[in-house]
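*Asks:* What follows is target-v3.csv, made up of CSV, N, CA and C atoms:
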```csv
chain,number,residue,atom,x,y,z
X,1,MET,N,12.4,-3.7,24.0
X,1,MET,CA,11.8,-3.9,22.7
X,1,MET,C,10.7,-2.8,22.7
X,2,ILE,N,10.5,-2.3,21.5
X,2,ILE,CA,9.4,-1.4,21.3
X,2,ILE,C,8.6,-1.8,20.1
X,3,LYS,N,7.3,-1.5,20.1
X,3,LYS,CA,6.4,-1.8,19.0
X,3,LYS,C,6.1,-0.4,18.4
X,4,LYS,N,6.2,-0.4,17.1
X,4,LYS,CA,5.8,0.8,16.3
X,4,LYS,C,4.6,0.4,15.4
X,5,THR,N,3.5,1.1,15.6
X,5,THR,CA,2.4,0.9,14.7
X,5,THR,C,2.5,1.9,13.6
X,6,ILE,N,2.6,1.3,12.4
X,6,ILE,CA,2.9,2.2,11.2
X,6,ILE,C,1.8,2.0,10.2
X,7,THR,N,1.2,3.1,9.7
X,7,THR,CA,0.2,3.1,8.6
X,7,THR,C,0.9,3.5,7.3
X,8,TYR,N,0.7,2.7,6.3
X,8,TYR,CA,1.3,2.9,5.0
X,8,TYR,C,0.4,2.4,3.9
X,9,THR,N,0.7,2.8,2.7
X,9,THR,CA,0.0,2.4,1.5
X,9,THR,C,0.8,1.3,0.8
X,10,ASP,N,0.2,0.1,0.6
X,10,ASP,CA,1.0,-1.0,0.0
X,10,ASP,C,1.0,-0.8,-1.5
X,11,TYR,N,1.7,-1.8,-2.2
X,11,TYR,CA,1.8,-1.7,-3.6
X,11,TYR,C,0.6,-2.0,-4.4
X,12,PHE,N,-0.5,-2.3,-3.8
X,12,PHE,CA,-1.8,-2.5,-4.4
X,12,PHE,C,-2.6,-1.3,-4.2
X,13,GLY,N,-2.1,-0.3,-3.5
X,13,GLY,CA,-2.8,1.0,-3.3
X,13,GLY,C,-3.7,0.9,-2.0
X,14,GLU,N,-3.5,-0.2,-1.3
X,14,GLU,CA,-4.3,-0.4,-0.1
X,14,GLU,C,-3.6,0.2,1.1
X,15,LYS,N,-4.4,0.9,2.0
X,15,LYS,CA,-3.9,1.5,3.2
X,15,LYS,C,-3.9,0.4,4.2
X,16,ARG,N,-2.7,0.2,4.9
X,16,ARG,CA,-2.5,-0.8,5.9
X,16,ARG,C,-2.0,-0.2,7.2
X,17,THR,N,-2.3,-0.8,8.3
X,17,THR,CA,-1.7,-0.4,9.6
X,17,THR,C,-1.2,-1.7,10.2
X,18,GLU,N,0.0,-1.7,10.5
X,18,GLU,CA,0.7,-2.9,11.1
X,18,GLU,C,1.6,-2.6,12.2
X,19,ASP,N,1.8,-3.6,13.1
X,19,ASP,CA,2.8,-3.4,14.2
X,19,ASP,C,4.1,-4.0,13.7
X,20,PHE,N,5.2,-3.3,14.1
X,20,PHE,CA,6.6,-3.7,13.8
X,20,PHE,C,7.4,-3.6,15.1
X,21,TYR,N,8.3,-4.5,15.2
X,21,TYR,CA,9.0,-4.6,16.5
X,21,TYR,C,10.5,-4.3,16.3
X,22,PHE,N,11.1,-3.6,17.3
X,22,PHE,CA,12.5,-3.3,17.2
X,22,PHE,C,13.1,-3.5,18.6
X,23,ASP,N,14.4,-4.0,18.6
X,23,ASP,CA,15.1,-4.3,19.8
X,23,ASP,C,16.5,-4.5,19.6
X,24,LEU,N,17.3,-4.1,20.5
X,24,LEU,CA,18.8,-4.5,20.5
X,24,LEU,C,19.0,-5.1,21.8
X,25,ASN,N,19.5,-6.4,21.9
X,25,ASN,CA,19.9,-7.0,23.1
X,25,ASN,C,21.2,-6.5,23.6
X,26,LYS,N,21.7,-6.9,24.7
X,26,LYS,CA,22.9,-6.4,25.3
X,26,LYS,C,24.1,-6.6,24.3
X,27,ALA,N,24.2,-7.9,23.8
X,27,ALA,CA,25.3,-8.2,23.0
X,27,ALA,C,25.3,-7.4,21.7
X,28,GLU,N,24.1,-7.2,21.1
X,28,GLU,CA,24.0,-6.4,19.9
X,28,GLU,C,24.4,-5.0,20.1
X,29,LEU,N,24.0,-4.5,21.3
X,29,LEU,CA,24.3,-3.1,21.6
X,29,LEU,C,25.8,-2.9,21.8
X,30,ILE,N,26.4,-3.9,22.4
X,30,ILE,CA,27.9,-3.8,22.6
X,30,ILE,C,28.6,-3.8,21.2
X,31,GLU,N,28.1,-4.7,20.4
X,31,GLU,CA,28.7,-4.8,19.0
X,31,GLU,C,28.5,-3.5,18.3
X,32,TRP,N,27.3,-2.9,18.4
X,32,TRP,CA,27.0,-1.6,17.7
X,32,TRP,C,27.9,-0.5,18.3
X,33,GLU,N,28.0,-0.5,19.6
X,33,GLU,CA,28.9,0.5,20.3
X,33,GLU,C,30.3,0.4,19.8
X,34,MET,N,30.8,-0.8,19.6
X,34,MET,CA,32.2,-1.0,19.2
X,34,MET,C,32.3,-0.7,17.7
X,35,SER,N,31.3,-0.7,16.9
X,35,SER,CA,31.4,-0.5,15.5
X,35,SER,C,31.2,1.0,15.1
X,36,LYS,N,30.8,1.8,16.1
X,36,LYS,CA,30.6,3.2,15.8
X,36,LYS,C,31.7,4.0,16.6
X,37,ASP,N,32.4,4.9,15.9
X,37,ASP,CA,33.3,5.8,16.6
X,37,ASP,C,32.6,6.6,17.6
X,38,GLY,N,33.0,6.5,18.9
X,38,GLY,CA,32.3,7.2,19.9
X,38,GLY,C,31.1,6.6,20.5
X,39,GLY,N,30.6,5.5,19.9
X,39,GLY,CA,29.5,4.8,20.5
X,39,GLY,C,28.2,5.5,20.4
X,40,MET,N,27.3,5.1,21.3
X,40,MET,CA,25.9,5.6,21.4
X,40,MET,C,25.9,7.1,21.7
X,41,GLU,N,26.7,7.6,22.6
X,41,GLU,CA,26.7,9.0,22.9
X,41,GLU,C,27.0,9.9,21.7
X,42,ARG,N,28.0,9.5,20.9
X,42,ARG,CA,28.3,10.3,19.7
X,42,ARG,C,27.2,10.1,18.7
X,43,PHE,N,26.6,8.9,18.6
X,43,PHE,CA,25.5,8.7,17.6
X,43,PHE,C,24.4,9.7,18.0
X,44,VAL,N,24.0,9.7,19.2
X,44,VAL,CA,22.8,10.5,19.6
X,44,VAL,C,23.2,12.0,19.4
X,45,LYS,N,24.4,12.4,19.6
X,45,LYS,CA,24.8,13.8,19.4
X,45,LYS,C,24.7,14.1,17.9
X,46,ARG,N,25.2,13.2,17.0
X,46,ARG,CA,25.1,13.4,15.6
X,46,ARG,C,23.7,13.5,15.1
X,47,VAL,N,22.8,12.7,15.7
X,47,VAL,CA,21.4,12.8,15.3
X,47,VAL,C,20.8,14.1,15.7
X,48,THR,N,21.1,14.6,16.9
X,48,THR,CA,20.5,15.8,17.3
X,48,THR,C,21.1,17.1,16.7
X,49,GLU,N,22.3,17.0,16.2
X,49,GLU,CA,23.0,18.1,15.6
X,49,GLU,C,23.0,18.1,14.1
X,50,ALA,N,22.6,17.0,13.5
X,50,ALA,CA,22.6,17.0,12.0
X,50,ALA,C,21.6,18.0,11.4
X,51,LYS,N,22.0,18.6,10.3
X,51,LYS,CA,21.3,19.6,9.7
X,51,LYS,C,20.6,19.2,8.4
X,52,SER,N,21.0,18.0,7.9
X,52,SER,CA,20.4,17.6,6.6
X,52,SER,C,20.1,16.2,6.6
X,53,VAL,N,19.1,15.9,5.7
X,53,VAL,CA,18.6,14.5,5.5
X,53,VAL,C,19.8,13.6,5.0
X,54,PRO,N,20.6,14.1,4.1
X,54,PRO,CA,21.7,13.2,3.7
X,54,PRO,C,22.6,12.7,4.8
X,55,GLU,N,22.8,13.6,5.8
X,55,GLU,CA,23.6,13.2,7.0
X,55,GLU,C,22.8,12.2,7.8
X,56,LEU,N,21.5,12.3,8.0
X,56,LEU,CA,20.7,11.5,8.9
X,56,LEU,C,20.3,10.1,8.3
X,57,PHE,N,20.0,10.1,7.0
X,57,PHE,CA,19.5,8.9,6.4
X,57,PHE,C,20.3,7.6,6.7
X,58,PRO,N,21.6,7.6,6.4
X,58,PRO,CA,22.4,6.4,6.6
X,58,PRO,C,22.4,6.0,8.1
X,59,ILE,N,22.4,7.0,9.0
X,59,ILE,CA,22.5,6.7,10.4
X,59,ILE,C,21.2,6.0,10.8
X,60,PHE,N,20.1,6.5,10.4
X,60,PHE,CA,18.8,5.9,10.8
X,60,PHE,C,18.6,4.5,10.1
X,61,LYS,N,19.0,4.5,8.8
X,61,LYS,CA,18.9,3.2,8.1
X,61,LYS,C,19.6,2.1,8.8
X,62,ASP,N,20.8,2.3,9.2
X,62,ASP,CA,21.6,1.3,9.9
X,62,ASP,C,21.0,1.0,11.2
X,63,PHE,N,20.6,1.9,12.0
X,63,PHE,CA,20.0,1.7,13.3
X,63,PHE,C,18.7,0.9,13.3
X,64,VAL,N,17.8,1.4,12.4
X,64,VAL,CA,16.5,0.8,12.2
X,64,VAL,C,16.6,-0.7,11.8
X,65,LEU,N,17.4,-0.9,10.8
X,65,LEU,CA,17.5,-2.3,10.2
X,65,LEU,C,18.3,-3.2,11.2
X,66,ARG,N,19.2,-2.7,12.0
X,66,ARG,CA,19.8,-3.5,13.0
X,66,ARG,C,18.8,-4.0,14.1
X,67,ALA,N,17.9,-3.1,14.4
X,67,ALA,CA,17.0,-3.3,15.5
X,67,ALA,C,15.7,-4.1,15.1
X,68,TYR,N,15.4,-4.1,13.8
X,68,TYR,CA,14.2,-4.7,13.3
X,68,TYR,C,14.2,-6.2,13.4
X,69,GLY,N,13.1,-6.8,13.8
X,69,GLY,CA,13.0,-8.2,13.9
X,69,GLY,C,11.5,-8.7,14.0
X,70,VAL,N,11.4,-10.0,14.0
X,70,VAL,CA,10.1,-10.6,14.0
X,70,VAL,C,10.1,-11.6,15.2
X,71,LYS,N,9.0,-11.5,16.0
X,71,LYS,CA,8.9,-12.4,17.2
X,71,LYS,C,8.6,-13.8,16.7
X,72,SER,N,9.2,-14.8,17.3
X,72,SER,CA,8.9,-16.2,16.9
X,72,SER,C,7.5,-16.5,17.5
X,73,ASP,N,6.8,-17.5,17.0
X,73,ASP,CA,5.5,-17.8,17.4
X,73,ASP,C,5.4,-18.2,18.9
X,74,ASP,N,6.5,-18.8,19.4
X,74,ASP,CA,6.6,-19.2,20.8
X,74,ASP,C,7.1,-18.1,21.7
X,75,GLY,N,7.5,-17.0,21.2
X,75,GLY,CA,8.0,-15.9,21.9
X,75,GLY,C,9.4,-16.0,22.5
X,76,LYS,N,10.1,-17.1,22.1
X,76,LYS,CA,11.4,-17.3,22.7
X,76,LYS,C,12.5,-16.7,21.9
X,77,ARG,N,12.2,-16.3,20.7
X,77,ARG,CA,13.2,-15.7,19.8
X,77,ARG,C,12.7,-14.4,19.2
X,78,PHE,N,13.7,-13.5,18.9
X,78,PHE,CA,13.4,-12.3,18.1
X,78,PHE,C,14.3,-12.5,16.9
X,79,ILE,N,13.7,-12.8,15.8
X,79,ILE,CA,14.4,-13.2,14.6
X,79,ILE,C,14.9,-12.0,13.8
X,80,LYS,N,16.2,-11.9,13.6
X,80,LYS,CA,16.8,-10.9,12.8
X,80,LYS,C,17.8,-11.5,11.9
X,81,ASN,N,17.6,-11.4,10.6
X,81,ASN,CA,18.5,-12.0,9.7
X,81,ASN,C,18.4,-11.1,8.4
X,82,ASP,N,19.2,-11.4,7.4
X,82,ASP,CA,19.2,-10.6,6.2
X,82,ASP,C,17.8,-10.7,5.5
X,83,ASP,N,17.2,-11.9,5.5
X,83,ASP,CA,15.9,-12.0,4.8
X,83,ASP,C,14.8,-11.1,5.5
X,84,VAL,N,14.8,-11.2,6.8
X,84,VAL,CA,13.8,-10.4,7.6
X,84,VAL,C,14.1,-8.9,7.4
X,85,ARG,N,15.3,-8.5,7.4
X,85,ARG,CA,15.6,-7.1,7.2
X,85,ARG,C,15.3,-6.6,5.8
X,86,ALA,N,15.6,-7.4,4.8
X,86,ALA,CA,15.3,-7.1,3.4
X,86,ALA,C,13.8,-7.0,3.2
X,87,SER,N,13.0,-7.9,3.8
X,87,SER,CA,11.6,-7.9,3.7
X,87,SER,C,11.0,-6.5,4.3
X,88,PHE,N,11.5,-6.1,5.4
X,88,PHE,CA,11.1,-4.9,6.0
X,88,PHE,C,11.5,-3.7,5.2
X,89,GLU,N,12.8,-3.7,4.7
X,89,GLU,CA,13.3,-2.6,4.0
X,89,GLU,C,12.5,-2.4,2.7
X,90,GLN,N,12.0,-3.5,2.1
X,90,GLN,CA,11.2,-3.4,0.9
X,90,GLN,C,9.8,-3.0,1.1
X,91,CYS,N,9.3,-2.9,2.3
X,91,CYS,CA,8.0,-2.6,2.7
X,91,CYS,C,7.9,-1.0,2.8
X,92,PRO,N,6.8,-0.4,2.3
X,92,PRO,CA,6.6,1.0,2.5
X,92,PRO,C,6.6,1.5,3.9
X,93,ALA,N,6.4,0.6,4.9
X,93,ALA,CA,6.4,1.0,6.3
X,93,ALA,C,7.8,1.4,6.7
X,94,TYR,N,8.8,0.8,6.2
X,94,TYR,CA,10.2,1.2,6.5
X,94,TYR,C,10.4,2.6,6.1
X,95,SER,N,10.0,3.0,4.9
X,95,SER,CA,10.2,4.4,4.5
X,95,SER,C,9.5,5.3,5.4
X,96,GLU,N,8.2,5.0,5.7
X,96,GLU,CA,7.4,5.8,6.6
X,96,GLU,C,8.1,6.1,7.9
X,97,LEU,N,8.7,5.0,8.5
X,97,LEU,CA,9.3,5.1,9.8
X,97,LEU,C,10.6,5.9,9.7
X,98,VAL,N,11.5,5.7,8.8
X,98,VAL,CA,12.7,6.4,8.7
X,98,VAL,C,12.5,7.9,8.4
X,99,ILE,N,11.5,8.2,7.5
X,99,ILE,CA,11.2,9.6,7.2
X,99,ILE,C,10.7,10.3,8.5
X,100,SER,N,9.8,9.6,9.2
X,100,SER,CA,9.3,10.2,10.5
X,100,SER,C,10.4,10.5,11.5
X,101,LEU,N,11.3,9.6,11.6
X,101,LEU,CA,12.4,9.8,12.5
X,101,LEU,C,13.3,10.9,12.1
X,102,ILE,N,13.6,11.0,10.8
X,102,ILE,CA,14.4,12.1,10.3
X,102,ILE,C,13.7,13.5,10.5
X,103,GLN,N,12.4,13.5,10.4
X,103,GLN,CA,11.7,14.8,10.5
X,103,GLN,C,11.4,15.2,11.9
X,104,ASN,N,11.5,14.3,12.8
X,104,ASN,CA,11.1,14.6,14.2
X,104,ASN,C,12.2,14.2,15.2
X,105,THR,N,13.0,15.1,15.6
X,105,THR,CA,14.1,14.7,16.5
X,105,THR,C,13.6,14.1,17.8
X,106,ASP,N,12.5,14.6,18.4
X,106,ASP,CA,12.0,14.1,19.6
X,106,ASP,C,11.5,12.6,19.4
X,107,GLU,N,10.9,12.4,18.3
X,107,GLU,CA,10.4,11.0,18.0
X,107,GLU,C,11.7,10.1,17.8
X,108,ALA,N,12.7,10.6,17.2
X,108,ALA,CA,13.9,9.8,17.0
X,108,ALA,C,14.6,9.4,18.3
X,109,ILE,N,14.7,10.4,19.2
X,109,ILE,CA,15.3,10.1,20.5
X,109,ILE,C,14.4,9.1,21.3
X,110,LYS,N,13.1,9.3,21.2
X,110,LYS,CA,12.2,8.3,21.9
X,110,LYS,C,12.4,6.9,21.4
X,111,PHE,N,12.5,6.8,20.0
X,111,PHE,CA,12.7,5.5,19.4
X,111,PHE,C,14.1,4.9,19.8
X,112,LEU,N,15.1,5.7,19.8
X,112,LEU,CA,16.4,5.2,20.2
X,112,LEU,C,16.4,4.8,21.7
X,113,ASN,N,15.8,5.5,22.6
X,113,ASN,CA,15.7,5.2,24.0
X,113,ASN,C,14.9,3.9,24.2
X,114,GLY,N,13.8,3.7,23.3
X,114,GLY,CA,13.0,2.6,23.5
X,114,GLY,C,13.7,1.3,23.1
X,115,ILE,N,14.6,1.4,22.1
X,115,ILE,CA,15.4,0.2,21.6
X,115,ILE,C,16.5,-0.1,22.6
X,116,ALA,N,17.2,1.0,23.0
X,116,ALA,CA,18.4,0.8,23.9
X,116,ALA,C,18.2,1.6,25.1
X,117,PRO,N,17.5,1.1,26.1
X,117,PRO,CA,17.3,1.9,27.4
X,117,PRO,C,18.6,2.4,27.9
X,118,ALA,N,18.5,3.5,28.6
X,118,ALA,CA,19.7,4.2,29.2
X,118,ALA,C,20.6,3.2,30.0
X,119,ASP,N,20.0,2.4,30.9
X,119,ASP,CA,20.8,1.5,31.7
X,119,ASP,C,21.6,0.5,30.9
X,120,ILE,N,20.9,0.0,29.8
X,120,ILE,CA,21.6,-1.0,28.9
X,120,ILE,C,22.7,-0.3,28.1
X,121,ALA,N,22.4,0.9,27.6
X,121,ALA,CA,23.4,1.7,26.9
X,121,ALA,C,24.6,2.0,27.7
X,122,GLU,N,24.3,2.4,29.0
X,122,GLU,CA,25.4,2.7,29.9
X,122,GLU,C,26.3,1.5,30.2
X,123,GLN,N,25.6,0.4,30.4
X,123,GLN,CA,26.4,-0.9,30.7
X,123,GLN,C,27.2,-1.3,29.4
X,124,ALA,N,26.6,-1.1,28.3
X,124,ALA,CA,27.3,-1.5,27.0
X,124,ALA,C,28.5,-0.6,26.9
X,125,THR,N,28.5,0.7,27.2
X,125,THR,CA,29.6,1.5,27.1
X,125,THR,C,30.7,1.1,28.1
X,126,LYS,N,30.4,0.7,29.3
X,126,LYS,CA,31.3,0.2,30.2
X,126,LYS,C,32.0,-1.1,29.7
X,127,GLU,N,31.2,-2.0,29.1
X,127,GLU,CA,31.7,-3.3,28.6
X,127,GLU,C,32.6,-3.0,27.4
X,128,ARG,N,32.3,-2.0,26.6
X,128,ARG,CA,33.1,-1.7,25.4
X,128,ARG,C,34.5,-1.2,25.9
X,129,ASP,N,34.4,-0.3,27.0
X,129,ASP,CA,35.7,0.2,27.5
X,129,ASP,C,36.6,-0.9,28.1
X,130,LYS,N,35.9,-1.8,28.8
X,130,LYS,CA,36.7,-3.0,29.4
X,130,LYS,C,37.3,-3.8,28.3
X,131,LEU,N,36.6,-4.1,27.2
X,131,LEU,CA,37.1,-4.9,26.1
X,131,LEU,C,38.2,-4.2,25.4
X,132,LEU,N,38.1,-2.9,25.2
X,132,LEU,CA,39.1,-2.1,24.6
X,132,LEU,C,40.4,-2.1,25.4
X,133,ALA,N,40.2,-1.9,26.8
X,133,ALA,CA,41.3,-1.9,27.7
X,133,ALA,C,42.1,-3.2,27.7
X,134,LYS,N,41.3,-4.3,27.6
X,134,LYS,CA,42.0,-5.7,27.6
X,134,LYS,C,42.7,-5.9,26.3
X,135,SER,N,42.1,-5.4,25.2
X,135,SER,CA,42.8,-5.7,23.9
X,135,SER,C,44.0,-4.8,23.7
X,136,SER,N,44.2,-3.7,24.4
X,136,SER,CA,45.4,-2.9,24.3
X,136,SER,C,46.5,-3.3,25.2
X,137,GLU,N,46.2,-4.3,26.1
X,137,GLU,CA,47.2,-4.8,27.1
X,137,GLU,C,48.3,-5.6,26.4
```
As C-alpha cells, what does this structure read like?
*Replies:*
Amino acid sequence: MIKKTITYTDYFGEKRTEDFYFDLNKAELIEWEMSKDGGMERFVKRVTEAKSVPELFPIFKDFVLRAYGVKSDDGKRFIKNDDVRASFEQCPAYSELVISLIQNTDEAIKFLNGIAPADIAEQATKERDKLLAKSSE
C-alpha cells in the first residue's frame, strides 16, 4: 500500500492537501495480470515506451482506479467499490495524480512499484501461468 499526498484546488476554489491510498492485494494483482495481454511486464513496457498522452491516459486511469481505496476505521479492510472509485474520480486530486504520472515516467514507475511490489508481481505472474496451464489441459 502506498499513500500519496496530493494538493489540489476544490470546487469552492479552496486549496486542499489530502492523503489518498492505493493498493493491489495478491488476488487483485492476479486478476489484473490475467486481464491484460502480457501482464504487468508488458504494461510497464507500454508505460515507459508510450509517446503520447492519449496512449497513456487509459492505462493510468485503469490502474489508479483499480488500486484506489479507503481504509476502514478499524484498519481491517481496504474498501474499493464503484462508489469509492467514482468519488475519487470526481475529485480534482484524481486528475492531479494521473497527470503527474503521465508527465513523469520515474514517478509513474515508483507508483506502480509501490502498489505492486516486485515480489508480489513476480508471484502473480507465476500464478497466472499456472492457471493458464491448468485451463488449457
*Asks:* So that I can check the surroundings of region 60-73 of chain X, please list as a PDB file with N, CA and C atoms, in the frame of the given file every protein, DNA and RNA residue that reaches within 8 Å of it, counting only N, CA and C atoms and ignoring chain neighbours fewer than 6 positions away.
*Replies:*
```pdb
ATOM      1  N   PHE X  20       5.200  -3.300  14.100  1.00  0.00           N
ATOM      2  CA  PHE X  20       6.600  -3.700  13.800  1.00  0.00           C
ATOM      3  C   PHE X  20       7.400  -3.600  15.100  1.00  0.00           C
ATOM      4  N   TYR X  21       8.300  -4.500  15.200  1.00  0.00           N
ATOM      5  CA  TYR X  21       9.000  -4.600  16.500  1.00  0.00           C
ATOM      6  C   TYR X  21      10.500  -4.300  16.300  1.00  0.00           C
ATOM      7  N   PHE X  22      11.100  -3.600  17.300  1.00  0.00           N
ATOM      8  CA  PHE X  22      12.500  -3.300  17.200  1.00  0.00           C
ATOM      9  C   PHE X  22      13.100  -3.500  18.600  1.00  0.00           C
ATOM     10  N   ASP X  23      14.400  -4.000  18.600  1.00  0.00           N
ATOM     11  CA  ASP X  23      15.100  -4.300  19.800  1.00  0.00           C
ATOM     12  C   ASP X  23      16.500  -4.500  19.600  1.00  0.00           C
ATOM     13  N   LEU X  24      17.300  -4.100  20.500  1.00  0.00           N
ATOM     14  CA  LEU X  24      18.800  -4.500  20.500  1.00  0.00           C
ATOM     15  C   LEU X  24      19.000  -5.100  21.800  1.00  0.00           C
ATOM     16  N   ASN X  25      19.500  -6.400  21.900  1.00  0.00           N
ATOM     17  CA  ASN X  25      19.900  -7.000  23.100  1.00  0.00           C
ATOM     18  C   ASN X  25      21.200  -6.500  23.600  1.00  0.00           C
ATOM     19  N   ILE X  79      13.700 -12.800  15.800  1.00  0.00           N
ATOM     20  CA  ILE X  79      14.400 -13.200  14.600  1.00  0.00           C
ATOM     21  C   ILE X  79      14.900 -12.000  13.800  1.00  0.00           C
ATOM     22  N   LYS X  80      16.200 -11.900  13.600  1.00  0.00           N
ATOM     23  CA  LYS X  80      16.800 -10.900  12.800  1.00  0.00           C
ATOM     24  C   LYS X  80      17.800 -11.500  11.900  1.00  0.00           C
ATOM     25  N   ASN X  81      17.600 -11.400  10.600  1.00  0.00           N
ATOM     26  CA  ASN X  81      18.500 -12.000   9.700  1.00  0.00           C
ATOM     27  C   ASN X  81      18.400 -11.100   8.400  1.00  0.00           C
ATOM     28  N   VAL X  84      14.800 -11.200   6.800  1.00  0.00           N
ATOM     29  CA  VAL X  84      13.800 -10.400   7.600  1.00  0.00           C
ATOM     30  C   VAL X  84      14.100  -8.900   7.400  1.00  0.00           C
ATOM     31  N   ARG X  85      15.300  -8.500   7.400  1.00  0.00           N
ATOM     32  CA  ARG X  85      15.600  -7.100   7.200  1.00  0.00           C
ATOM     33  C   ARG X  85      15.300  -6.600   5.800  1.00  0.00           C
ATOM     34  N   ALA X  86      15.600  -7.400   4.800  1.00  0.00           N
ATOM     35  CA  ALA X  86      15.300  -7.100   3.400  1.00  0.00           C
ATOM     36  C   ALA X  86      13.800  -7.000   3.200  1.00  0.00           C
ATOM     37  N   PHE X  88      11.500  -6.100   5.400  1.00  0.00           N
ATOM     38  CA  PHE X  88      11.100  -4.900   6.000  1.00  0.00           C
ATOM     39  C   PHE X  88      11.500  -3.700   5.200  1.00  0.00           C
ATOM     40  N   GLU X  89      12.800  -3.700   4.700  1.00  0.00           N
ATOM     41  CA  GLU X  89      13.300  -2.600   4.000  1.00  0.00           C
ATOM     42  C   GLU X  89      12.500  -2.400   2.700  1.00  0.00           C
ATOM     43  N   VAL X  98      11.500   5.700   8.800  1.00  0.00           N
ATOM     44  CA  VAL X  98      12.700   6.400   8.700  1.00  0.00           C
ATOM     45  C   VAL X  98      12.500   7.900   8.400  1.00  0.00           C
ATOM     46  N   LEU X 101      11.300   9.600  11.600  1.00  0.00           N
ATOM     47  CA  LEU X 101      12.400   9.800  12.500  1.00  0.00           C
ATOM     48  C   LEU X 101      13.300  10.900  12.100  1.00  0.00           C
ATOM     49  N   ILE X 102      13.600  11.000  10.800  1.00  0.00           N
ATOM     50  CA  ILE X 102      14.400  12.100  10.300  1.00  0.00           C
ATOM     51  C   ILE X 102      13.700  13.500  10.500  1.00  0.00           C
ATOM     52  N   ILE X 115      14.600   1.400  22.100  1.00  0.00           N
ATOM     53  CA  ILE X 115      15.400   0.200  21.600  1.00  0.00           C
ATOM     54  C   ILE X 115      16.500  -0.100  22.600  1.00  0.00           C
TER      55      ILE X 115
END
```
*Asks:* For Pro92 (chain X), which residue out of X:Ile59, X:Ile6, X:Met34, X:Ala116 is the nearest one, using only C-alpha atoms?
*Replies:*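 Closest candidate: X:Ile6.
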*Asks:* Would you please give, as a ChimeraX atom specification, all residues of region 58-117 of chain X that DSSP assigns to strand (DSSP E) based on the backbone?
*Replies:* /X:68-71,78-79
*Asks:* Please dump the current selection as a PDB file, keeping the file's coordinate frame; keep N, CA and C atoms.
*Replies:*
```
ATOM      1  N   TYR X  68      15.400  -4.100  13.800  1.00  0.00           N
ATOM      2  CA  TYR X  68      14.200  -4.700  13.300  1.00  0.00           C
ATOM      3  C   TYR X  68      14.200  -6.200  13.400  1.00  0.00           C
ATOM      4  N   GLY X  69      13.100  -6.800  13.800  1.00  0.00           N
ATOM      5  CA  GLY X  69      13.000  -8.200  13.900  1.00  0.00           C
ATOM      6  C   GLY X  69      11.500  -8.700  14.000  1.00  0.00           C
ATOM      7  N   VAL X  70      11.400 -10.000  14.000  1.00  0.00           N
ATOM      8  CA  VAL X  70      10.100 -10.600  14.000  1.00  0.00           C
ATOM      9  C   VAL X  70      10.100 -11.600  15.200  1.00  0.00           C
ATOM     10  N   LYS X  71       9.000 -11.500  16.000  1.00  0.00           N
ATOM     11  CA  LYS X  71       8.900 -12.400  17.200  1.00  0.00           C
ATOM     12  C   LYS X  71       8.600 -13.800  16.700  1.00  0.00           C
ATOM     13  N   PHE X  78      13.700 -13.500  18.900  1.00  0.00           N
ATOM     14  CA  PHE X  78      13.400 -12.300  18.100  1.00  0.00           C
ATOM     15  C   PHE X  78      14.300 -12.500  16.900  1.00  0.00           C
ATOM     16  N   ILE X  79      13.700 -12.800  15.800  1.00  0.00           N
ATOM     17  CA  ILE X  79      14.400 -13.200  14.600  1.00  0.00           C
ATOM     18  C   ILE X  79      14.900 -12.000  13.800  1.00  0.00           C
TER      19      ILE X  79
END
```
*Asks:* Which residues are near Glu96 (chain X)? Cut-off 7 Å, all atoms listed in the file, ignore same chain within fewer than 5 positions. Put them as a ChimeraX atom specification.
*Replies:* /X:7-8,91,101
*Asks:* So the first atom is CA of Ala108 (chain X) and the second is CA of Lys4 (chain X); what is the distance between them in Å, to one decimal place?
*Replies:*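 It comes out at 12.1 Å.
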*Asks:* Please report the interatomic distance between atom C of Arg42 (chain X) and CA of Asp82 (chain X) in Å with one decimal.
*Replies:*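 Between atom C of Arg42 (chain X) and CA of Asp82 (chain X) the gap is 25.5 Å.
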*Asks:* Expressed in Å to a single decimal, how great is the separation between atom C of Thr5 (chain X) and atom C of Gly114 (chain X)?
*Replies:*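 For atom C of Thr5 (chain X) relative to atom C of Gly114 (chain X), the distance reads 14.7 Å.
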